[in-house]
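*Asks:* Just one file: input07.csv, with CSV, C-alpha atoms and all ligand atoms.
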chain,number,residue,atom,x,y,z
A,303,MET,CA,-10.6,11.4,7.9
A,304,VAL,CA,-7.8,9.8,5.9
A,305,VAL,CA,-9.7,8.9,2.7
A,306,ASP,CA,-12.6,10.8,1.2
A,307,ILE,CA,-13.7,9.7,-2.3
A,308,ARG,CA,-16.7,11.2,-4.1
A,309,ASP,CA,-18.2,10.3,-7.5
A,310,LEU,CA,-15.1,8.5,-8.5
A,311,LYS,CA,-14.6,7.0,-11.9
A,312,ALA,CA,-11.1,5.5,-12.6
A,313,GLY,CA,-9.7,3.3,-15.2
A,314,TYR,CA,-7.5,3.1,-18.3
A,315,GLY,CA,-7.7,5.3,-21.3
A,316,THR,CA,-11.3,6.5,-21.3
A,317,LYS,CA,-12.6,3.2,-20.0
A,318,ALA,CA,-13.7,3.3,-16.3
A,319,VAL,CA,-13.2,0.0,-14.4
A,320,VAL,CA,-13.9,1.5,-10.9
A,321,SER,CA,-17.0,3.5,-10.1
A,322,LEU,CA,-17.6,4.6,-6.5
A,323,ALA,CA,-20.2,7.2,-5.5
A,324,SER,CA,-18.6,7.6,-2.0
A,325,LEU,CA,-16.1,6.1,0.3
A,326,GLN,CA,-14.9,7.6,3.5
A,327,ILE,CA,-12.3,6.0,5.8
A,328,GLU,CA,-11.6,7.5,9.2
A,329,THR,CA,-8.1,7.7,10.7
A,330,GLY,CA,-7.3,4.3,12.3
A,331,GLU,CA,-10.2,2.6,10.6
A,332,HIS,CA,-8.3,-0.4,9.1
A,333,THR,CA,-10.2,-1.5,6.0
A,334,LEU,CA,-10.3,-4.5,3.8
A,335,LEU,CA,-11.1,-4.1,0.1
A,336,LEU,CA,-12.6,-7.4,-1.0
A,337,GLY,CA,-13.9,-8.5,-4.4
A,338,PRO,CA,-13.4,-10.9,-7.3
A,339,SER,CA,-10.4,-10.8,-9.6
A,340,GLY,CA,-10.7,-8.0,-12.1
A,341,CYS,CA,-13.2,-5.9,-10.0
A,342,GLY,CA,-10.7,-3.1,-9.7
A,343,LYS,CA,-9.0,-3.5,-6.3
A,344,THR,CA,-5.5,-2.8,-7.6
A,345,THR,CA,-6.8,0.1,-9.7
A,346,LEU,CA,-8.4,1.7,-6.6
A,347,LEU,CA,-5.2,1.3,-4.6
A,348,ASN,CA,-3.3,3.0,-7.4
A,349,VAL,CA,-5.8,5.8,-7.4
A,350,LEU,CA,-5.4,6.2,-3.6
A,351,SER,CA,-1.6,6.4,-4.0
A,352,GLY,CA,-1.8,8.8,-6.9
A,353,ILE,CA,-0.2,6.4,-9.3
A,354,ALA,CA,-3.3,6.2,-11.5
A,355,SER,CA,-5.2,9.4,-12.3
A,356,THR,CA,-8.9,9.5,-12.1
A,357,LEU,CA,-11.4,10.0,-15.0
A,358,ALA,CA,-13.9,11.9,-12.8
A,359,GLY,CA,-14.5,12.7,-9.2
A,360,ARG,CA,-12.5,13.7,-6.1
A,361,VAL,CA,-10.0,11.8,-4.1
A,362,VAL,CA,-8.8,13.5,-0.9
A,363,ILE,CA,-6.1,11.8,1.1
A,364,ASN,CA,-5.4,13.2,4.6
A,365,GLY,CA,-6.8,16.5,3.6
A,366,THR,CA,-5.0,16.9,0.2
A,367,ALA,CA,-7.1,16.6,-3.0
A,368,LEU,CA,-4.9,14.6,-5.3
A,369,GLU,CA,-6.2,16.3,-8.5
A,370,THR,CA,-4.6,19.6,-7.3
A,371,LEU,CA,-1.1,18.1,-7.3
A,372,SER,CA,1.2,18.0,-10.3
A,373,VAL,CA,2.6,14.6,-11.2
A,374,GLY,CA,5.9,15.4,-9.4
A,375,ASP,CA,4.1,16.7,-6.3
A,376,ARG,CA,2.0,13.5,-6.3
A,377,ASP,CA,5.1,11.4,-6.3
A,378,ARG,CA,6.5,13.3,-3.3
A,379,PHE,CA,3.1,13.2,-1.6
A,380,ARG,CA,3.1,9.4,-2.0
A,381,GLY,CA,6.6,9.1,-0.6
A,382,LYS,CA,5.8,11.1,2.5
A,383,HIS,CA,2.2,10.0,3.3
A,384,ILE,CA,1.7,6.6,1.8
A,385,GLY,CA,3.4,3.3,2.5
A,386,LEU,CA,3.0,0.8,-0.3
A,387,VAL,CA,3.3,-3.0,0.1
A,388,MET,CA,2.8,-4.4,-3.4
A,389,GLN,CA,2.4,-8.1,-4.2
A,390,ARG,CA,5.7,-8.1,-6.0
A,391,LEU,CA,8.1,-6.5,-3.6
A,392,HIS,CA,10.1,-4.3,-5.9
A,393,LEU,CA,13.2,-4.3,-3.8
A,394,ILE,CA,16.2,-3.1,-5.9
A,395,SER,CA,18.4,-6.1,-6.3
A,396,ALA,CA,21.7,-4.1,-6.8
A,397,LEU,CA,21.2,-2.3,-3.4
A,398,THR,CA,21.6,-3.7,0.1
A,399,ILE,CA,18.7,-3.6,2.4
A,400,SER,CA,19.9,-0.4,4.1
A,401,LYS,CA,20.4,1.3,0.8
A,402,ASN,CA,16.9,0.2,-0.4
A,403,LEU,CA,15.5,1.9,2.7
A,404,ARG,CA,17.7,5.0,2.2
A,405,LEU,CA,16.4,5.2,-1.3
A,406,ALA,CA,12.8,5.2,0.1
A,407,GLN,CA,13.7,8.2,2.2
A,408,GLN,CA,15.4,10.1,-0.6
A,409,LEU,CA,12.5,9.5,-3.0
A,410,ALA,CA,10.2,11.0,-0.5
A,411,GLY,CA,12.3,14.1,-0.1
A,412,VAL,CA,13.0,13.5,3.6
A,413,SER,CA,16.5,13.4,4.9
A,414,VAL,CA,18.3,10.1,5.1
A,415,ASN,CA,18.3,8.9,8.6
A,416,ASP,CA,20.1,5.6,9.4
A,417,GLY,CA,18.8,5.6,13.0
A,418,ILE,CA,15.2,5.4,11.7
A,419,ILE,CA,16.2,2.7,9.2
A,420,LEU,CA,17.8,0.6,11.9
A,421,GLY,CA,14.9,1.1,14.3
A,422,ALA,CA,12.3,0.0,11.7
A,423,LEU,CA,14.4,-3.1,10.9
A,424,GLU,CA,14.9,-3.9,14.6
A,425,LYS,CA,11.1,-3.9,15.2
A,426,LEU,CA,10.8,-6.5,12.5
A,427,GLY,CA,13.7,-8.7,13.7
A,428,LEU,CA,15.8,-7.7,10.7
A,429,ALA,CA,18.6,-5.7,12.1
A,430,ALA,CA,21.2,-8.3,11.0
A,431,MET,CA,20.1,-7.9,7.4
A,432,LEU,CA,21.2,-4.3,6.9
A,433,ASP,CA,24.1,-5.0,4.6
A,434,ARG,CA,22.6,-8.0,2.8
A,435,TYR,CA,21.2,-7.9,-0.7
A,436,PRO,CA,17.6,-8.8,-1.4
A,437,ARG,CA,18.6,-12.2,-3.0
A,438,GLU,CA,20.3,-13.2,0.3
A,439,LEU,CA,17.0,-13.1,2.2
A,440,SER,CA,14.2,-15.6,2.5
A,441,GLN,CA,10.9,-14.8,0.9
A,442,GLY,CA,9.4,-14.0,4.4
A,443,GLU,CA,12.4,-11.8,5.3
A,444,ALA,CA,12.1,-9.9,2.0
A,445,GLN,CA,8.4,-9.4,2.7
A,446,ARG,CA,9.2,-8.0,6.1
A,447,VAL,CA,11.8,-5.6,4.5
A,448,ALA,CA,9.0,-4.5,2.1
A,449,ILE,CA,6.9,-3.7,5.1
A,450,ALA,CA,9.8,-1.8,6.8
A,451,ARG,CA,10.1,0.2,3.6
A,452,ALA,CA,6.4,1.0,3.6
A,453,VAL,CA,6.5,2.4,7.2
A,454,ILE,CA,9.9,4.1,7.1
A,455,ASN,CA,8.5,7.6,6.4
A,456,ARG,CA,5.7,7.2,9.0
A,457,PRO,CA,2.9,7.2,6.5
A,458,ALA,CA,-0.7,8.2,7.3
A,459,LEU,CA,-1.8,5.4,5.1
A,460,ILE,CA,-0.4,1.9,4.4
A,461,LEU,CA,-1.8,0.4,1.2
A,462,ALA,CA,-1.2,-3.4,0.8
A,463,ASP,CA,-2.1,-5.2,-2.4
A,464,GLU,CA,-2.6,-9.0,-2.0
A,465,PRO,CA,0.0,-9.2,0.8
A,466,THR,CA,-1.1,-12.7,1.8
A,467,SER,CA,-2.5,-14.6,-1.2
A,468,ALA,CA,0.8,-16.4,-2.0
A,469,LEU,CA,1.3,-17.4,1.6
A,470,ASP,CA,0.4,-20.5,3.5
A,471,ASP,CA,-2.0,-20.2,6.5
A,472,ALA,CA,0.6,-19.6,9.2
A,473,ASN,CA,2.5,-17.1,7.2
A,474,CYS,CA,-0.7,-15.4,6.1
A,475,LEU,CA,-1.7,-14.7,9.7
A,476,ALA,CA,1.9,-13.6,10.6
A,477,ALA,CA,1.9,-11.1,7.7
A,478,ILE,CA,-1.4,-9.6,8.7
A,479,ASP,CA,-0.4,-9.4,12.3
A,480,LEU,CA,2.7,-7.6,11.2
A,481,LEU,CA,0.8,-5.1,9.1
A,482,PHE,CA,-1.5,-4.4,12.0
A,483,ASP,CA,1.4,-4.1,14.5
A,484,GLN,CA,3.2,-1.7,12.2
A,485,ALA,CA,0.1,0.4,11.5
A,486,THR,CA,-0.4,0.7,15.2
A,487,ALA,CA,3.2,1.5,16.0
A,488,TYR,CA,3.3,4.3,13.4
A,489,GLY,CA,-0.2,5.5,13.9
A,490,ALA,CA,-1.1,4.7,10.3
A,491,THR,CA,-4.4,3.5,8.7
A,492,LEU,CA,-4.2,0.2,6.9
A,493,ILE,CA,-6.0,-0.5,3.7
A,494,VAL,CA,-5.6,-4.1,2.3
A,495,ALA,CA,-6.9,-5.2,-1.1
A,496,THR,CA,-7.4,-9.0,-1.5
A,497,HIS,CA,-9.5,-11.8,-2.7
A,498,ASP,CA,-8.1,-13.9,0.2
A,499,GLN,CA,-11.1,-14.6,2.4
A,500,ARG,CA,-8.9,-15.9,5.3
A,501,ILE,CA,-8.1,-12.4,6.5
A,502,LYS,CA,-11.6,-11.0,6.4
A,503,ALA,CA,-12.3,-11.7,10.1
A,504,ARG,CA,-9.4,-9.5,11.2
A,505,PHE,CA,-10.9,-6.3,9.8
A,506,GLU,CA,-13.7,-4.3,11.4
A,507,ARG,CA,-14.5,-2.7,8.1
A,508,VAL,CA,-14.9,-4.6,4.8
A,509,VAL,CA,-15.7,-2.8,1.6
A,510,THR,CA,-16.8,-5.1,-1.2
A,511,LEU,CA,-16.1,-3.8,-4.7
A,512,GLU,CA,-18.5,-5.0,-7.5
A,513,PRO,CA,-17.2,-5.4,-11.0
A,514,TYR,CA,-18.1,-2.2,-13.0
A,515,LEU,CA,-19.3,-3.0,-16.5
B,601,LIG,N1,-3.0,-1.2,-17.4
B,601,LIG,C1,-4.2,-1.6,-17.7
B,601,LIG,N2,-4.7,-1.2,-18.9
B,601,LIG,C2,-6.0,-1.6,-19.3
B,601,LIG,N3,-6.8,-2.3,-18.5
B,601,LIG,C3,-6.4,-2.7,-17.3
B,601,LIG,C4,-5.0,-2.3,-16.8
B,601,LIG,N4,-4.8,-2.9,-15.6
B,601,LIG,C5,-6.0,-3.5,-15.3
B,601,LIG,N5,-6.9,-3.4,-16.3
B,601,LIG,C6,-8.3,-3.9,-16.3
B,601,LIG,O1,-9.0,-3.2,-15.2
B,601,LIG,C7,-9.8,-4.1,-14.5
B,601,LIG,C8,-9.5,-4.1,-13.0
B,601,LIG,O2,-8.2,-4.6,-12.8
B,601,LIG,P1,-7.5,-4.6,-11.4
B,601,LIG,O3,-6.1,-5.1,-11.6
B,601,LIG,O4,-7.7,-3.3,-10.7
B,601,LIG,O5,-8.4,-5.8,-10.7
B,601,LIG,P2,-8.2,-6.5,-9.3
B,601,LIG,O6,-9.5,-6.4,-8.6
B,601,LIG,O7,-7.0,-6.0,-8.6
B,601,LIG,O8,-7.9,-8.0,-9.8
B,601,LIG,P3,-7.0,-9.2,-9.1
B,601,LIG,O9,-7.8,-9.6,-7.9
B,601,LIG,O10,-6.9,-10.2,-10.1
B,601,LIG,O11,-5.7,-8.6,-8.7
B,601,LIG,C9,-9.7,-5.5,-15.2
B,601,LIG,O12,-10.7,-5.7,-16.1
B,601,LIG,C10,-8.3,-5.3,-15.9
B,601,LIG,O13,-8.4,-6.1,-17.1
B,602,MG,MG,-5.1,-6.8,-8.1
Go through the file and emit its structure as structure tokens.
*Replies:*
Amino acid sequence: MVVDIRDLKAGYGTKAVVSLASLQIETGEHTLLLGPSGCGKTTLLNVLSGIASTLAGRVVINGTALETLSVGDRDRFRGKHIGLVMQRLHLISALTISKNLRLAQQLAGVSVNDGIILGALEKLGLAAMLDRYPRELSQGEAQRVAIARAVINRPALILADEPTSALDDANCLAAIDLLFDQATAYGATLIVATHDQRIKARFERVVTLEPYL
């Protein structure tokens, strides 16, 4: 089991915006988190990645209970076990593509390995982009680099927040295909949060979040 949530309440300050009695996701069970704007999808992804702390309950990722980790250990845990694809890509503009990916390895505390970086970029048709800066890439290329960065440390879990809502139909399907391909190639479980109904059919499991009042 890659995700095991019990009696979770999470939110901001003392106000809970997500309440989940139970959510279990098996390894390889790619899951779509669906729900209206404001229902707490991003908040839940932030809980899963240990960016947001919980108000109550237990969150176990790949056998590790996040509440047992210090903030620093949670950051290292995220770097090693979780690949994040955020809606805004957060590539560092002053660093080339290869240096952005080296940084992802350094932040996870794994040794820098240029062979792994090149291999990930090759799989995504981006090997020629190694020495370019993010501004020298098209939007679609930059999104593929963000996916490469998410898989570079062979995460158990890939979390993607609205990876398709800004894309037209063709690019939407291409982006989802790519996330599935990469999850399969790296043996990772994919969790995608969206309100984009177009990608619903691709997922065997759909979890609908209700707004928590
Ligand atoms: N940093 C914050 N501080 C306080 N409240 C917040 C914060 N971020 C989000 N919220 C509130 O928490 C609730 C859930 O927000 P969240 O971003 O998780 O929703 P979402 O389902 O991802 O929405 P969307 O589909 O628009 O991205 C919303 O009511 C929002 O206003
Ligand atoms: Mg959101």
*Asks:* Residues at most 8 Å from Glu328 (chain A), counting only C-alpha atoms, excluding those fewer than 5 positions away in the same chain, as a ChimeraX atom specification?
*Replies:* /A:303-305
*Asks:* Could you state the separation of CA of Pro457 (chain A) and CA of Glu512 (chain A) in Å, given to one decimal place?
*Replies:*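 Going from CA of Pro457 (chain A) over to CA of Glu512 (chain A) covers 28.3 Å.
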*Asks:* State, in Å with one decimal place, the distance from atom O1 of ligand LIG 601 (chain B) to CA of Asn455 (chain A).
*Replies:*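 Rounded to one decimal, the two atoms are 29.8 Å apart.
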*Asks:* Counting only C-alpha atoms and all ligand atoms, give me one row per residue of chain A with an atom at most 8 Å from an atom of ligand MG 602 (chain B), showing the shortest contact pair and its distance in Å to one decimal, sorted by chain then residue number, as CSV.
*Replies:*
residue,atom,partner,partner_atom,distance
A:Ser339,CA,B:MG602,MG,6.8
A:Gly340,CA,B:MG602,MG,7.0
A:Gly342,CA,B:MG602,MG,6.9
A:Lys343,CA,B:MG602,MG,5.4
A:Thr344,CA,B:MG602,MG,4.1
A:Thr345,CA,B:MG602,MG,7.3
A:Asp463,CA,B:MG602,MG,6.6
A:Glu464,CA,B:MG602,MG,6.9
A:Ala495,CA,B:MG602,MG,7.4
A:Thr496,CA,B:MG602,MG,7.3
*Asks:* Kindly compile the residues surrounding ligand LIG 601 (chain B) within 10 Å, counting only C-alpha atoms and all ligand atoms, and format them as an mmCIF file with C-alpha atoms, in the frame of the given file.
*Replies:*
data_model
loop_
_atom_site.group_PDB
_atom_site.id
_atom_site.type_symbol
_atom_site.label_atom_id
_atom_site.label_comp_id
_atom_site.auth_asym_id
_atom_site.auth_seq_id
_atom_site.Cartn_x
_atom_site.Cartn_y
_atom_site.Cartn_z
ATOM 1 C CA ALA A 312 -11.100 5.500 -12.600
ATOM 2 C CA GLY A 313 -9.700 3.300 -15.200
ATOM 3 C CA TYR A 314 -7.500 3.100 -18.300
ATOM 4 C CA GLY A 315 -7.700 5.300 -21.300
ATOM 5 C CA THR A 316 -11.300 6.500 -21.300
ATOM 6 C CA LYS A 317 -12.600 3.200 -20.000
ATOM 7 C CA ALA A 318 -13.700 3.300 -16.300
ATOM 8 C CA VAL A 319 -13.200 0.000 -14.400
ATOM 9 C CA VAL A 320 -13.900 1.500 -10.900
ATOM 10 C CA LEU A 335 -11.100 -4.100 0.100
ATOM 11 C CA LEU A 336 -12.600 -7.400 -1.000
ATOM 12 C CA GLY A 337 -13.900 -8.500 -4.400
ATOM 13 C CA PRO A 338 -13.400 -10.900 -7.300
ATOM 14 C CA SER A 339 -10.400 -10.800 -9.600
ATOM 15 C CA GLY A 340 -10.700 -8.000 -12.100
ATOM 16 C CA CYS A 341 -13.200 -5.900 -10.000
ATOM 17 C CA GLY A 342 -10.700 -3.100 -9.700
ATOM 18 C CA LYS A 343 -9.000 -3.500 -6.300
ATOM 19 C CA THR A 344 -5.500 -2.800 -7.600
ATOM 20 C CA THR A 345 -6.800 0.100 -9.700
ATOM 21 C CA LEU A 346 -8.400 1.700 -6.600
ATOM 22 C CA LEU A 347 -5.200 1.300 -4.600
ATOM 23 C CA ASN A 348 -3.300 3.000 -7.400
ATOM 24 C CA VAL A 349 -5.800 5.800 -7.400
ATOM 25 C CA ALA A 354 -3.300 6.200 -11.500
ATOM 26 C CA GLN A 389 2.400 -8.100 -4.200
ATOM 27 C CA ASP A 463 -2.100 -5.200 -2.400
ATOM 28 C CA GLU A 464 -2.600 -9.000 -2.000
ATOM 29 C CA SER A 467 -2.500 -14.600 -1.200
ATOM 30 C CA ALA A 495 -6.900 -5.200 -1.100
ATOM 31 C CA THR A 496 -7.400 -9.000 -1.500
ATOM 32 C CA HIS A 497 -9.500 -11.800 -2.700
ATOM 33 C CA ASP A 498 -8.100 -13.900 0.200
ATOM 34 C CA LEU A 511 -16.100 -3.800 -4.700
ATOM 35 C CA GLU A 512 -18.500 -5.000 -7.500
ATOM 36 C CA PRO A 513 -17.200 -5.400 -11.000
ATOM 37 C CA TYR A 514 -18.100 -2.200 -13.000
ATOM 38 C CA LEU A 515 -19.300 -3.000 -16.500
#
*Asks:* Can you save region 307-367 of chain A of the given block to a file, including C-alpha atoms and formatted as a short mmCIF file (atom, residue, chain, number, x, y, z; two decimals), in the first residue's frame?
*Replies:*
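Output saved as out.cif:
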data_model
loop_
_atom_site.label_atom_id
_atom_site.label_comp_id
_atom_site.auth_asym_id
_atom_site.auth_seq_id
_atom_site.Cartn_x
_atom_site.Cartn_y
_atom_site.Cartn_z
CA ILE A 307 -4.98 7.77 5.47
CA ARG A 308 -7.13 7.43 8.60
CA ASP A 309 -9.35 10.04 10.26
CA LEU A 310 -7.59 12.90 8.51
CA LYS A 311 -8.37 16.52 9.11
CA ALA A 312 -6.14 19.03 7.35
CA GLY A 313 -6.31 22.71 6.65
CA TYR A 314 -4.91 26.08 7.53
CA GLY A 315 -4.47 27.47 11.04
CA THR A 316 -7.08 25.61 13.06
CA LYS A 317 -9.61 25.47 10.21
CA ALA A 318 -10.00 22.08 8.52
CA VAL A 319 -10.77 22.17 4.78
CA VAL A 320 -10.25 18.43 4.16
CA SER A 321 -11.82 15.66 6.20
CA LEU A 322 -11.31 12.03 5.15
CA ALA A 323 -12.26 9.10 7.36
CA SER A 324 -10.20 6.69 5.30
CA LEU A 325 -8.34 6.49 1.99
CA GLN A 326 -6.13 3.60 0.94
CA ILE A 327 -4.29 3.45 -2.38
CA GLU A 328 -2.51 0.27 -3.39
CA THR A 329 0.84 0.30 -5.18
CA GLY A 330 0.19 0.78 -8.90
CA GLU A 331 -3.39 1.90 -8.37
CA HIS A 332 -3.28 5.14 -10.36
CA THR A 333 -5.91 7.44 -8.86
CA LEU A 334 -7.74 10.58 -9.89
CA LEU A 335 -8.80 13.06 -7.19
CA LEU A 336 -11.80 14.88 -8.59
CA GLY A 337 -13.92 17.64 -7.11
CA PRO A 338 -15.03 21.26 -7.52
CA SER A 339 -12.73 24.22 -7.05
CA GLY A 340 -12.00 24.81 -3.38
CA CYS A 341 -12.91 21.30 -2.21
CA GLY A 342 -9.35 20.68 -1.00
CA LYS A 343 -7.56 18.74 -3.76
CA THR A 344 -4.36 20.78 -3.60
CA THR A 345 -4.47 20.72 0.19
CA LEU A 346 -4.71 16.92 0.15
CA LEU A 347 -1.78 16.61 -2.28
CA ASN A 348 0.21 18.89 0.02
CA VAL A 349 -0.62 16.61 2.94
CA LEU A 350 0.47 13.53 0.97
CA SER A 351 3.80 15.15 0.13
CA GLY A 352 4.33 16.38 3.69
CA ILE A 353 4.31 20.04 2.65
CA ALA A 354 1.19 20.71 4.75
CA SER A 355 0.89 19.26 8.22
CA THR A 356 -2.29 17.64 9.43
CA LEU A 357 -4.61 18.84 12.18
CA ALA A 358 -5.60 15.29 13.11
CA GLY A 359 -5.26 11.74 11.89
CA ARG A 360 -2.61 9.51 10.32
CA VAL A 361 -0.97 9.71 6.92
CA VAL A 362 1.27 6.77 6.02
CA ILE A 363 3.18 6.95 2.74
CA ASN A 364 4.93 3.79 1.58
CA GLY A 365 5.10 2.54 5.18
CA THR A 366 6.31 5.77 6.77
CA ALA A 367 3.97 7.74 9.07
#
